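Chemist: The following file, work22.tsv, comprises TSV, C-alpha atoms:
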chain	number	residue	atom	x	y	z
A	1	MET	CA	128.51	87.47	107.68
A	2	LYS	CA	126.10	87.82	110.58
A	3	LYS	CA	122.98	85.63	110.52
A	4	ILE	CA	120.18	86.53	112.91
A	5	ASN	CA	117.50	83.93	113.60
A	6	LEU	CA	114.40	85.96	114.40
A	7	LEU	CA	112.16	83.09	115.47
A	8	LYS	CA	114.38	82.40	118.48
A	9	LYS	CA	114.33	86.03	119.53
A	10	VAL	CA	110.79	87.17	118.81
A	11	GLY	CA	108.65	84.07	118.28
A	12	SER	CA	106.36	83.26	115.38
A	13	PHE	CA	104.55	86.61	115.51
A	14	ALA	CA	107.12	89.38	115.34
A	15	GLU	CA	105.46	92.28	117.13
A	16	ASN	CA	107.62	93.21	120.12
A	17	LYS	CA	109.20	96.51	119.13
A	18	ASP	CA	111.48	96.57	122.14
A	19	LYS	CA	113.03	93.33	120.96
A	20	ALA	CA	113.29	94.71	117.42
A	21	ARG	CA	115.19	97.72	118.72
A	22	ASP	CA	117.49	95.49	120.80
A	23	ILE	CA	118.29	93.36	117.76
A	24	ARG	CA	119.02	96.47	115.71
A	25	LEU	CA	121.18	98.13	118.33
A	26	HIS	CA	123.04	95.10	119.65
A	27	GLU	CA	123.33	92.83	116.65
A	28	ILE	CA	122.66	94.53	113.32
A	29	ILE	CA	124.47	97.81	113.85
A	30	PRO	CA	127.64	96.27	115.37
A	31	ALA	CA	127.85	93.88	112.40
A	32	LEU	CA	127.32	96.65	109.86
A	33	GLU	CA	129.91	98.81	111.62
A	34	LYS	CA	132.36	95.96	111.06
A	35	ASN	CA	131.35	95.93	107.40
A	36	GLU	CA	129.76	92.51	107.81
A	37	GLU	CA	126.74	91.55	105.77
A	38	VAL	CA	123.62	90.78	107.79
A	39	ILE	CA	121.04	88.09	107.08
A	40	LEU	CA	117.73	88.49	108.89
A	41	ASP	CA	116.26	85.01	108.84
A	42	PHE	CA	112.47	84.93	109.23
A	43	LYS	CA	112.22	81.12	109.02
A	44	GLN	CA	109.01	79.96	110.76
A	45	VAL	CA	108.05	83.53	111.61
A	46	GLU	CA	104.41	83.59	110.51
A	47	SER	CA	103.77	87.29	110.60
A	48	ALA	CA	105.08	90.66	111.70
A	49	THR	CA	103.64	94.05	112.43
A	50	GLN	CA	104.65	97.15	110.52
A	51	SER	CA	105.72	98.62	113.88
A	52	PHE	CA	108.12	95.74	114.47
A	53	ILE	CA	109.71	95.99	111.03
A	54	HIS	CA	109.90	99.79	111.39
A	55	ALA	CA	111.69	99.46	114.73
A	56	LEU	CA	114.01	96.85	113.21
A	57	ILE	CA	115.18	98.58	110.04
A	58	SER	CA	113.92	102.14	109.56
A	59	ASP	CA	116.71	103.77	111.52
A	60	LEU	CA	119.32	101.83	109.56
A	61	ILE	CA	118.00	103.40	106.35
A	62	ARG	CA	117.82	106.82	107.97
A	63	LYS	CA	121.36	106.64	109.39
A	64	TYR	CA	123.26	104.83	106.64
A	65	GLY	CA	121.14	105.67	103.60
A	66	ILE	CA	119.15	103.32	101.40
A	67	GLU	CA	122.40	101.74	100.14
A	68	ILE	CA	122.56	99.90	103.46
A	69	LEU	CA	120.06	97.44	101.98
A	70	ASP	CA	122.96	96.09	99.89
A	71	MET	CA	124.38	94.83	103.17
A	72	ILE	CA	121.15	93.32	104.53
A	73	SER	CA	119.28	90.27	103.26
A	74	PHE	CA	115.84	89.12	104.36
A	75	LYS	CA	115.68	85.34	104.26
A	76	ASN	CA	112.75	82.88	104.41
A	77	CYS	CA	110.10	85.62	104.43
A	78	ASN	CA	106.54	84.62	103.63
A	79	GLU	CA	104.35	86.82	101.44
A	80	THR	CA	102.96	88.89	104.35
A	81	ILE	CA	106.36	89.63	105.83
A	82	LYS	CA	107.80	90.49	102.40
A	83	LYS	CA	105.00	92.99	101.88
A	84	ILE	CA	105.41	94.61	105.29
A	85	ILE	CA	109.17	94.97	104.79
A	86	THR	CA	108.52	96.47	101.36
A	87	ILE	CA	106.06	99.00	102.80
A	88	VAL	CA	108.59	100.15	105.41
A	89	VAL	CA	111.47	100.32	102.89
A	90	ASP	CA	109.28	102.21	100.43
A	91	TYR	CA	108.07	104.87	102.85
A	92	MET	CA	111.55	105.30	104.28
A	93	GLN	CA	112.76	106.14	100.77
A	94	GLU	CA	110.17	108.89	100.62
A	95	THR	CA	111.41	110.52	103.81
A	96	ASP	CA	113.24	113.83	103.92
B	1	MET	CA	80.87	109.74	137.56
B	2	ARG	CA	77.85	107.71	136.64
B	3	ILE	CA	77.53	104.95	134.08
B	4	HIS	CA	74.52	102.89	133.10
B	5	LEU	CA	74.93	99.44	131.57
B	6	PRO	CA	72.13	99.38	129.03
B	7	ASN	CA	70.12	96.62	127.49
B	8	SER	CA	72.23	96.80	124.35
B	9	ALA	CA	75.38	98.72	123.42
B	10	PHE	CA	77.43	97.58	120.47
B	11	LEU	CA	79.54	99.64	118.10
B	12	GLY	CA	76.61	100.31	115.79
B	13	ASN	CA	74.44	101.71	118.59
B	14	LEU	CA	77.09	102.86	121.08
B	15	ASP	CA	76.36	106.58	120.83
B	16	PRO	CA	73.39	106.77	123.26
B	17	PHE	CA	75.37	104.78	125.83
B	18	LEU	CA	78.32	107.17	125.56
B	19	ARG	CA	76.05	110.20	125.78
B	20	SER	CA	74.51	108.84	128.97
B	21	PHE	CA	77.90	108.59	130.69
B	22	ASP	CA	78.24	111.26	133.38
B	23	SER	CA	81.96	112.02	133.62
B	24	SER	CA	81.68	114.69	136.33
B	25	ASN	CA	82.97	114.14	139.88
B	26	THR	CA	85.87	111.86	139.05
B	27	LYS	CA	86.33	110.81	142.68
B	28	LYS	CA	83.19	108.66	142.70
B	29	LEU	CA	81.70	106.06	140.40
B	30	GLU	CA	78.09	104.96	140.42
B	31	ILE	CA	77.07	102.02	138.26
B	32	THR	CA	73.49	101.17	137.36
B	33	ALA	CA	72.21	98.58	134.92
B	34	ASN	CA	69.24	97.53	132.89
B	35	LYS	CA	67.04	95.33	135.07
B	36	LYS	CA	66.25	92.65	132.53
B	37	TRP	CA	69.13	91.98	130.19
B	38	ILE	CA	72.56	93.47	129.55
B	39	SER	CA	74.22	92.75	126.24
B	40	VAL	CA	77.20	94.98	125.62
B	41	HIS	CA	80.31	95.19	123.46
B	42	PRO	CA	83.66	94.52	125.18
B	43	ILE	CA	84.47	98.24	124.78
B	44	VAL	CA	81.81	98.93	127.41
B	45	LEU	CA	83.29	96.45	129.87
B	46	SER	CA	86.84	97.71	129.26
B	47	MET	CA	85.62	101.27	129.81
B	48	VAL	CA	83.93	100.49	133.15
B	49	ALA	CA	86.89	98.38	134.32
B	50	ALA	CA	89.32	101.17	133.43
B	51	LEU	CA	87.28	103.60	135.51
B	52	GLY	CA	87.27	101.10	138.36
B	53	LEU	CA	91.06	101.01	138.43
B	54	LYS	CA	91.22	104.78	138.88
B	55	ILE	CA	88.89	104.95	141.83
B	56	ASP	CA	89.20	103.40	145.28
B	57	SER	CA	86.58	100.67	145.59
B	58	SER	CA	85.10	102.38	148.66
B	59	HIS	CA	84.00	105.17	146.31
B	60	ILE	CA	82.39	102.83	143.80
B	61	LYS	CA	78.70	102.15	144.19
B	62	CYS	CA	77.26	99.41	142.04
B	63	GLU	CA	73.55	98.71	142.36
B	64	ASP	CA	72.45	95.11	142.75
B	65	ILE	CA	72.32	93.85	139.25
B	66	GLU	CA	69.09	91.98	138.65
B	67	ALA	CA	69.56	91.09	135.02
B	68	THR	CA	70.27	87.43	134.42
B	69	SER	CA	73.28	88.43	132.38
B	70	LYS	CA	75.01	89.53	135.60
B	71	HIS	CA	76.83	86.18	135.51
B	72	TYR	CA	78.43	87.26	132.27
B	73	LEU	CA	79.76	90.43	133.92
B	74	GLU	CA	81.17	88.32	136.75
B	75	ARG	CA	82.78	85.85	134.34
B	76	MET	CA	84.34	88.70	132.37
B	77	GLY	CA	85.96	89.83	135.63
B	78	LEU	CA	84.23	93.20	135.85
B	79	PHE	CA	83.60	93.12	139.59
B	80	LYS	CA	87.19	92.11	140.29
B	81	PHE	CA	88.34	95.20	138.43
B	82	LEU	CA	85.93	97.32	140.41
B	83	GLY	CA	87.13	95.77	143.65
B	84	ILE	CA	83.61	94.95	144.77
B	85	ALA	CA	82.02	91.67	145.77
B	86	SER	CA	79.20	90.78	143.42
B	87	GLY	CA	77.90	87.90	145.51
B	88	ILE	CA	77.53	85.95	142.28
B	89	LYS	CA	78.78	82.38	142.39
B	90	ILE	CA	79.79	80.82	139.10
B	91	ARG	CA	81.82	77.79	138.25
B	92	GLU	CA	84.68	79.08	136.19
B	93	HIS	CA	85.89	76.98	133.32
B	94	GLU	CA	88.29	77.46	130.47
B	95	PRO	CA	87.14	80.33	128.30
B	96	ALA	CA	88.30	78.61	125.11
B	97	GLY	CA	86.38	79.52	122.00
B	98	ARG	CA	84.25	82.24	123.47
B	99	PHE	CA	85.88	85.18	125.16
B	100	ILE	CA	88.89	86.69	126.84
B	101	PRO	CA	87.96	88.23	130.18
B	102	LEU	CA	89.04	91.73	131.15
B	103	THR	CA	92.82	91.82	131.17
B	104	GLN	CA	95.18	94.57	132.24
B	105	ILE	CA	98.39	94.87	130.22
B	106	LYS	CA	101.11	97.16	131.52
B	107	SER	CA	104.29	96.12	129.72
B	108	SER	CA	105.64	95.05	126.37
B	109	ASP	CA	106.45	91.53	127.55
B	110	GLU	CA	103.02	91.12	129.15
B	111	LEU	CA	101.52	92.01	125.77
B	112	SER	CA	103.67	89.49	123.89
B	113	ASN	CA	102.68	86.75	126.34
B	114	PHE	CA	99.03	87.76	126.13
B	115	ILE	CA	99.01	87.53	122.32
B	116	THR	CA	100.63	84.10	122.42
B	117	GLU	CA	97.96	82.83	124.81
B	118	MET	CA	95.07	84.68	123.19
B	119	ILE	CA	94.95	82.90	119.84
B	120	PRO	CA	94.48	79.33	121.18
B	121	LEU	CA	91.84	80.64	123.59
B	122	LEU	CA	89.80	82.05	120.75
B	123	HIS	CA	90.20	78.85	118.69
B	124	LEU	CA	91.08	80.75	115.55
B	125	GLN	CA	92.31	79.45	112.23
B	126	PRO	CA	95.69	80.93	111.18
B	127	LYS	CA	94.03	83.11	108.53
B	128	GLN	CA	91.55	84.43	111.11
B	129	ALA	CA	94.20	84.93	113.78
B	130	GLU	CA	96.36	87.16	111.62
B	131	PRO	CA	94.33	90.40	111.67
B	132	ILE	CA	93.23	89.87	115.27
B	133	ARG	CA	96.66	89.55	116.81
B	134	TYR	CA	97.84	92.37	114.56
B	135	VAL	CA	95.08	94.67	115.83
B	136	VAL	CA	95.60	93.76	119.49
B	137	SER	CA	99.36	94.19	119.29
B	138	GLU	CA	99.24	97.60	117.62
B	139	LEU	CA	96.42	98.97	119.76
B	140	VAL	CA	97.88	97.88	123.08
B	141	ARG	CA	101.37	99.05	122.10
B	142	ASN	CA	99.86	102.45	121.31
B	143	VAL	CA	98.55	102.58	124.87
B	144	LEU	CA	101.86	101.47	126.39
B	145	GLU	CA	103.90	103.95	124.35
B	146	HIS	CA	101.71	107.01	124.09
B	147	SER	CA	99.01	107.08	126.78
B	148	HIS	CA	101.22	107.57	129.88
B	149	SER	CA	98.52	105.70	131.76
B	150	GLU	CA	99.70	104.23	135.05
B	151	HIS	CA	97.14	101.47	134.61
B	152	GLY	CA	98.18	100.45	131.11
B	153	ALA	CA	95.63	98.99	128.72
B	154	ILE	CA	92.42	97.22	129.73
B	155	LEU	CA	91.26	94.77	127.11
B	156	SER	CA	88.43	92.31	126.65
B	157	THR	CA	87.25	90.22	123.75
B	158	GLN	CA	84.14	88.28	122.92
B	159	TYR	CA	83.26	85.90	120.10
B	160	TYR	CA	79.68	86.20	118.76
B	161	LYS	CA	78.53	83.05	117.08
B	162	LYS	CA	75.50	84.53	115.30
B	163	SER	CA	77.56	87.11	113.43
B	164	ASN	CA	80.75	85.01	113.50
B	165	THR	CA	82.56	88.07	114.79
B	166	ILE	CA	85.31	88.75	117.27
B	167	ARG	CA	84.64	92.00	119.14
B	168	ILE	CA	87.50	93.72	120.90
B	169	GLY	CA	87.47	96.65	123.34
B	170	ILE	CA	90.55	98.43	124.66
B	171	ALA	CA	90.50	101.28	127.16
B	172	ASP	CA	93.07	103.47	128.81
B	173	THR	CA	92.83	106.41	131.19
B	174	GLY	CA	95.95	108.19	130.01
B	175	ILE	CA	96.61	111.58	128.47
B	176	GLY	CA	94.33	111.08	125.46
B	177	ILE	CA	95.04	111.46	121.77
B	178	LYS	CA	94.98	115.26	121.63
B	179	GLN	CA	97.72	115.73	124.19
B	180	SER	CA	99.75	112.90	122.69
B	181	ILE	CA	99.52	114.07	119.07
B	182	ASN	CA	100.09	117.70	120.03
B	183	VAL	CA	103.64	116.97	121.20
B	184	SER	CA	104.45	117.45	117.51
B	185	HIS	CA	101.26	118.79	115.91
B	186	HIS	CA	98.62	121.42	116.59
B	187	ALA	CA	95.22	119.79	116.73
B	188	LEU	CA	92.74	122.30	118.12
B	189	THR	CA	90.08	119.76	119.02
B	190	ASP	CA	89.89	116.13	120.12
B	191	LEU	CA	88.26	115.20	116.83
B	192	GLU	CA	91.02	116.87	114.82
B	193	ALA	CA	93.57	114.96	116.92
B	194	ILE	CA	91.79	111.67	116.19
B	195	ARG	CA	91.74	112.56	112.49
B	196	LEU	CA	95.52	113.17	112.54
B	197	ALA	CA	96.19	109.98	114.52
B	198	LEU	CA	94.35	107.96	111.86
B	199	THR	CA	96.25	109.57	108.98
B	200	PRO	CA	99.18	107.50	107.69
B	201	GLY	CA	102.60	108.87	108.56
B	202	ILE	CA	101.40	111.20	111.33
B	203	THR	CA	102.75	110.48	114.81
B	204	GLY	CA	102.86	112.54	117.97
B	205	THR	CA	106.54	111.72	118.39
B	206	THR	CA	107.82	113.86	115.50
B	207	ARG	CA	106.76	116.01	112.54
B	208	LYS	CA	109.37	114.34	110.36
B	209	GLU	CA	108.18	112.20	107.47
B	210	GLY	CA	109.01	108.56	108.21
B	211	GLY	CA	108.63	109.09	111.95
B	212	THR	CA	111.28	108.26	114.50
B	213	GLU	CA	113.34	105.11	114.91
B	214	PHE	CA	110.44	103.70	116.95
B	215	ASN	CA	107.25	105.23	115.53
B	216	ALA	CA	106.03	105.72	112.00
B	217	GLY	CA	102.46	106.87	112.62
B	218	ALA	CA	101.05	103.93	110.72
B	219	GLY	CA	99.47	101.69	113.37
B	220	LEU	CA	95.98	103.18	113.55
B	221	PHE	CA	95.80	103.60	109.79
B	222	PHE	CA	96.56	99.89	109.37
B	223	ILE	CA	93.84	98.99	111.86
B	224	LYS	CA	91.25	101.27	110.27
B	225	SER	CA	92.20	99.68	106.93
B	226	ILE	CA	91.71	96.15	108.29
B	227	ALA	CA	88.23	97.15	109.49
B	228	ASN	CA	87.47	98.94	106.23
B	229	VAL	CA	88.45	96.08	103.95
B	230	ASN	CA	86.53	93.56	106.04
B	231	ARG	CA	83.52	95.91	106.28
B	232	ASP	CA	83.66	96.00	110.06
B	233	PHE	CA	82.95	98.69	112.65
B	234	PHE	CA	85.84	100.57	114.24
B	235	ILE	CA	85.47	103.22	116.92
B	236	ILE	CA	87.93	105.54	118.55
B	237	TYR	CA	86.84	107.83	121.38
B	238	SER	CA	89.08	110.28	123.20
B	239	GLY	CA	88.35	113.49	125.08
B	240	ASN	CA	84.92	114.65	123.99
B	241	SER	CA	85.05	113.15	120.51
B	242	MET	CA	84.35	109.91	118.77
B	243	TYR	CA	85.14	108.72	115.27
B	244	LYS	CA	83.19	105.72	114.03
B	245	LEU	CA	84.11	103.89	110.85
B	246	LEU	CA	80.84	102.55	109.50
B	247	LYS	CA	80.50	99.31	107.63
B	248	SER	CA	81.32	99.99	104.01
B	249	LYS	CA	78.79	99.06	101.38
B	250	PRO	CA	79.32	96.00	99.19
B	251	GLY	CA	81.40	96.65	96.11
B	252	HIS	CA	84.81	98.04	95.43
B	253	ILE	CA	86.78	98.90	98.59
B	254	ARG	CA	88.85	102.03	98.57
B	255	LEU	CA	91.16	103.07	101.37
B	256	HIS	CA	91.55	106.74	102.16
B	257	ALA	CA	94.42	108.48	103.92
B	258	ASP	CA	91.97	111.01	105.36
B	259	PRO	CA	89.61	109.12	107.71
B	260	PHE	CA	86.91	111.71	107.03
B	261	MET	CA	86.79	110.45	103.43
B	262	ASP	CA	85.76	107.00	104.67
B	263	ARG	CA	82.14	106.15	105.38
B	264	HIS	CA	81.99	107.29	108.99
B	265	SER	CA	80.20	109.26	111.67
B	266	ASN	CA	81.69	111.47	114.33
B	267	GLU	CA	80.61	113.34	117.44
B	268	GLU	CA	82.29	116.18	119.28
B	269	ASP	CA	80.16	116.93	122.29
B	270	LEU	CA	80.28	113.65	124.14
B	271	PRO	CA	81.02	113.36	127.86
B	272	TYR	CA	84.74	113.76	128.38
B	273	TRP	CA	86.79	110.55	128.42
B	274	GLN	CA	90.21	111.12	129.96
B	275	GLY	CA	92.22	108.71	127.83
B	276	THR	CA	91.27	106.68	124.80
B	277	LEU	CA	88.76	103.95	124.02
B	278	VAL	CA	88.97	101.76	120.94
B	279	GLY	CA	86.48	99.18	119.77
B	280	ILE	CA	86.66	97.00	116.70
B	281	ASP	CA	84.63	94.13	115.27
B	282	ILE	CA	86.38	91.60	113.10
B	283	SER	CA	84.16	89.34	111.07
B	284	LEU	CA	85.72	85.89	110.78
B	285	SER	CA	83.75	84.95	107.70
B	286	ALA	CA	84.63	88.06	105.74
B	287	THR	CA	88.31	88.23	106.53
B	288	GLU	CA	90.13	89.19	103.35
B	289	GLU	CA	93.57	87.76	102.72
B	290	PHE	CA	95.85	89.84	104.90
B	291	SER	CA	98.52	90.05	102.23
B	292	LEU	CA	96.02	91.52	99.74
B	293	LEU	CA	95.12	94.16	102.28
B	294	LEU	CA	98.81	95.03	102.56
B	295	ASP	CA	98.92	95.79	98.81
B	296	LEU	CA	96.12	98.31	99.25
B	297	ILE	CA	97.77	99.83	102.30
B	298	ARG	CA	101.12	100.15	100.56
B	299	ASP	CA	99.59	102.01	97.60
B	300	ILE	CA	97.72	104.57	99.67
B	301	TYR	CA	100.49	104.98	102.22
B	302	ILE	CA	103.20	105.76	99.67
B	303	LYS	CA	100.85	108.01	97.68
B	304	THR	CA	100.01	109.98	100.83
B	305	VAL	CA	103.62	110.42	101.91
B	306	LYS	CA	104.56	111.55	98.38
B	307	GLU	CA	101.71	114.06	98.28
B	308	ARG	CA	102.62	115.46	101.68
B	309	LYS	CA	106.24	115.75	100.62
B	310	LYS	CA	105.23	117.47	97.37
B	311	ALA	CA	103.03	119.89	99.29
B	312	ARG	CA	106.15	121.06	101.12
B	313	PHE	CA	108.16	121.65	97.92
B	314	ARG	CA	109.43	125.16	97.56
B	315	ARG	CA	108.03	126.81	94.45
B	316	PRO	CA	109.81	129.28	92.21
B	317	ARG	CA	108.59	132.83	92.64
B	318	PHE	CA	107.64	134.36	89.30
B	319	ILE	CA	107.27	138.10	89.33
Go ahead and render the structure in this file as C-alpha cells.
Modeler:
Amino acid sequence: MKKINLLKKVGSFAENKDKARDIRLHEIIPALEKNEEVILDFKQVESATQSFIHALISDLIRKYGIEILDMISFKNCNETIKKIITIVVDYMQETD
Amino acid sequence: MRIHLPNSAFLGNLDPFLRSFDSSNTKKLEITANKKWISVHPIVLSMVAALGLKIDSSHIKCEDIEATSKHYLERMGLFKFLGIASGIKIREHEPAGRFIPLTQIKSSDELSNFITEMIPLLHLQPKQAEPIRYVVSELVRNVLEHSHSEHGAILSTQYYKKSNTIRIGIADTGIGIKQSINVSHHALTDLEAIRLALTPGITGTTRKEGGTEFNAGAGLFFIKSIANVNRDFFIIYSGNSMYKLLKSKPGHIRLHADPFMDRHSNEEDLPYWQGTLVGIDISLSATEEFSLLLDLIRDIYIKTVKERKKARFRRPRFI
C-alpha cells in the first residue's frame, strides 16, 4: 500500500497543477502499476482547486477506467475537498 | 497607444474607460490622468502596468500627475512597472490589510509562493480567504498555461473598507482568448471565444469531453460561479470584446452553463486588447459557504456535460 501525504508536497492549499502531475506520474501510477493500493492523504490540506484535483486523478480514470477508484482512497478530506473530488470523478464518468 | 486614468473606473463603470483607450501605435504609450482625483479598480492598474512591460520606458510618456492620489499609484508600484521616475517620495510600510501592489507572476512556483504570502497580507478569515485564493490561483494559472505571454500575469488587489470588498485585477499581453480557444474550437469573434471559455467543459486544449490530463475547461466557469453566487461583478476582456457579469438581483441564485443566460452585458467594438484582462470583486460580507457553491457547480456542470454528450448521440434514421 502506498500512502501519499499531500500536505508535505503541496501545502495547505492544493493548487499547483505541476506538482499534482508529478505526484500522479511519479508516485501514483508506479504504485498502481505494481498493483498497490494508493491512499491520498489530505490531512491538514484546507482546500484544493478543481484544476489540481483534475491534474491529480482525471488521467488515471481515463487510462485505467473508473474501476481504478477501487484502488485509490482519499483520506482525511474536508467537505470542500470531498466535493471537488466528487465533481471531477463525476464529470470524468460522463466523458467519451 | 494612449490611456487616460479617469476620476473613477470600477467594474460597474469600466466601459467608458475601456472605450477611451487608444490601442493604435503599439510602439509608444502616452499616459494622462484626471487632474483632481484618480480612483480606479486594480484591473486598470494591471492593464497599464502590463502595457508598460511591453514598451521600452523611453517610449512611455506619462504626464505629471497632479491628483493627490498619485501617491497611491506610486505605492501600488505603477511607475516601477512603467520604468519611469515619478519623483514621488513615500514612506513604504507593510501593506497588510489593505492591498497587494502590482505583482508580476511568470511561473507556477512563483504563483504558489504568492498565494501563500497573499492571504496574511490581506488579513482574511479562513472562510473569506477560500474563494479569493481559489480565484487568484485559477486565473493566474490560466495566464501561465494559455496566454503564451512572455511577461506572465500582472496582478494587483485592493481591499475597500466601505463596501467590504476585495477587488482583483489580472492582465496579460498574450495571444488572447480567441486564439487560445481556437486551437480546438471555431469561435468567429472574440466575444464568441469568451462565451466558449466561460462554458463548463470547454477548453482550447482539446474538443474531447473531460478535457486533457491537465485541463478540463472548468476554471473560468468556477470563477464566474463564485462571482454569481456572491452577487459580485466579474469582467473578462480580450481582443475587442468584453463580457461583464452583473450583480445578480436578490433572491434565488441560479447558475447557467451558458454565460449569456446570466445577468450580464457585453461589448464587441472596444479598442483591441492584445491578451486578456480579468477583473473580479469579492464581497467579504456576502461570501457564501464555498462548499455550498460547489454543490451548485456540480449540478450544472454534470447536467451540461450530459446534455452535450446527448446532443452528439447518433439517431436512428427512419424512412
Chemist: Identify every residue of chain B that has at least one atom within 8 Å of any atom of chain A, counting all atoms listed in the file, and report the result as a list in words.
Modeler: Ser108, Asp109, Ser112, Glu130, Tyr134, Ser137, Glu138, Lys208, Glu209, Gly210, Thr212, Glu213, Phe214, Asn215, Ala216, Ala218, Gly219, Phe290, Ser291, Leu294, Asp295, Arg298, Tyr301, Ile302, Val305, Lys306 and Lys309 of chain B
Chemist: Please return, as a list in words, all polymer residues that have at least one atom within 7 Å of the point (86.6, 109.8, 145.2); use all atoms listed in the file and the file's own coordinate frame.
Modeler: Thr26, Lys27, Lys28, Ile55, Asp56 and His59 of chain B
Chemist: In Å, how far is it from CA of Arg2 (chain B) to CA of Ile168 (chain B)?
Modeler: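 Those two atoms sit 23.2 Å apart.
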Chemist: Hey, what's within 6 Å of Gly275 (chain B) if we count all atoms listed in the file and toss same-chain stuff fewer than 6 positions away? As JSON, numbers by chain, please?
Modeler: {"B": [172, 173, 174, 175, 176, 238]}
Chemist: I'd like the contact shell of Lys80 (chain B) - 12 Å cut-off, only C-alpha atoms, skipping same-chain residues fewer than 4 positions apart - returned as number ranges by chain.
Modeler: B: 45, 48-50, 52-53, 57, 73-76, 84-88, 101-104
Chemist: Extract, using all atoms listed in the file, all DNA, RNA and protein residues at most 10 Å from Leu69 (chain A), discarding same-chain residues fewer than 4 positions from it, and format them as an NGL selection string.
Modeler: :A and (37-38 or 57 or 60-61 or 64-65 or 73-74 or 89)
Chemist: Identify, on the basis of all atoms listed in the file, every residue whose closest approach to Met118 (chain B) does not exceed 10 Å; exclude the query and any residue fewer than 2 positions from it along the same chain; express the result as a list in words.
Modeler: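 Counting all atoms listed in the file, the residues come to Ala96, Phe99, Ile100, Ser112, Asn113, Phe114, Ile115, Thr116, Pro120, Leu121, Leu122, His123, Leu124, Ala129, Ile132, Arg133, Val136 and Thr157 of chain B.
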Chemist: When you draw a straight line from CA of Ile170 (chain B) to CA of Asp262 (chain B), how long is it in Å?
Modeler: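 It comes out at 22.3 Å.
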Chemist: Rounded to one decimal in Å, what is the spacing between CA of Ile300 (chain B) and CA of Pro259 (chain B)?
Modeler: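 Interatomic distance, CA of Ile300 (chain B) to CA of Pro259 (chain B): 12.3 Å.
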Chemist: So, counting only C-alpha atoms, which residue among B:Gln179, B:His148, B:Ala257, B:Pro131 is closest to Glu307 (chain B)?
Modeler: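 Comparing B:Gln179, B:His148, B:Ala257, B:Pro131 against Glu307 (chain B), the winner is B:Ala257.
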Chemist: Ranking B:Phe260, B:Thr276, B:Phe313, B:Tyr72 by minimum distance to Leu51 (chain B) and counting all atoms listed in the file, which one comes first?
Modeler: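 Under the stated criterion, the closest residue is B:Thr276.
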Chemist: Pick from B:Ser184, B:Ser107, B:Ser46, B:Thr205: nearest to Leu78 (chain B), with all atoms listed in the file counted?
Modeler: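 Looking only at the distances to Leu78 (chain B), the closest residue turns out to be B:Ser46.
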Chemist: Is it possible to get the axis-aligned box enclosing region 216-223 of chain B (all listed atoms, 3 Å extra per side) as JSON, with centre and edge lengths in Å rounded to one decimal?
Modeler:
{"center_x": 99.9, "center_y": 102.9, "center_z": 111.5, "size_x": 18.2, "size_y": 13.9, "size_z": 10.2}
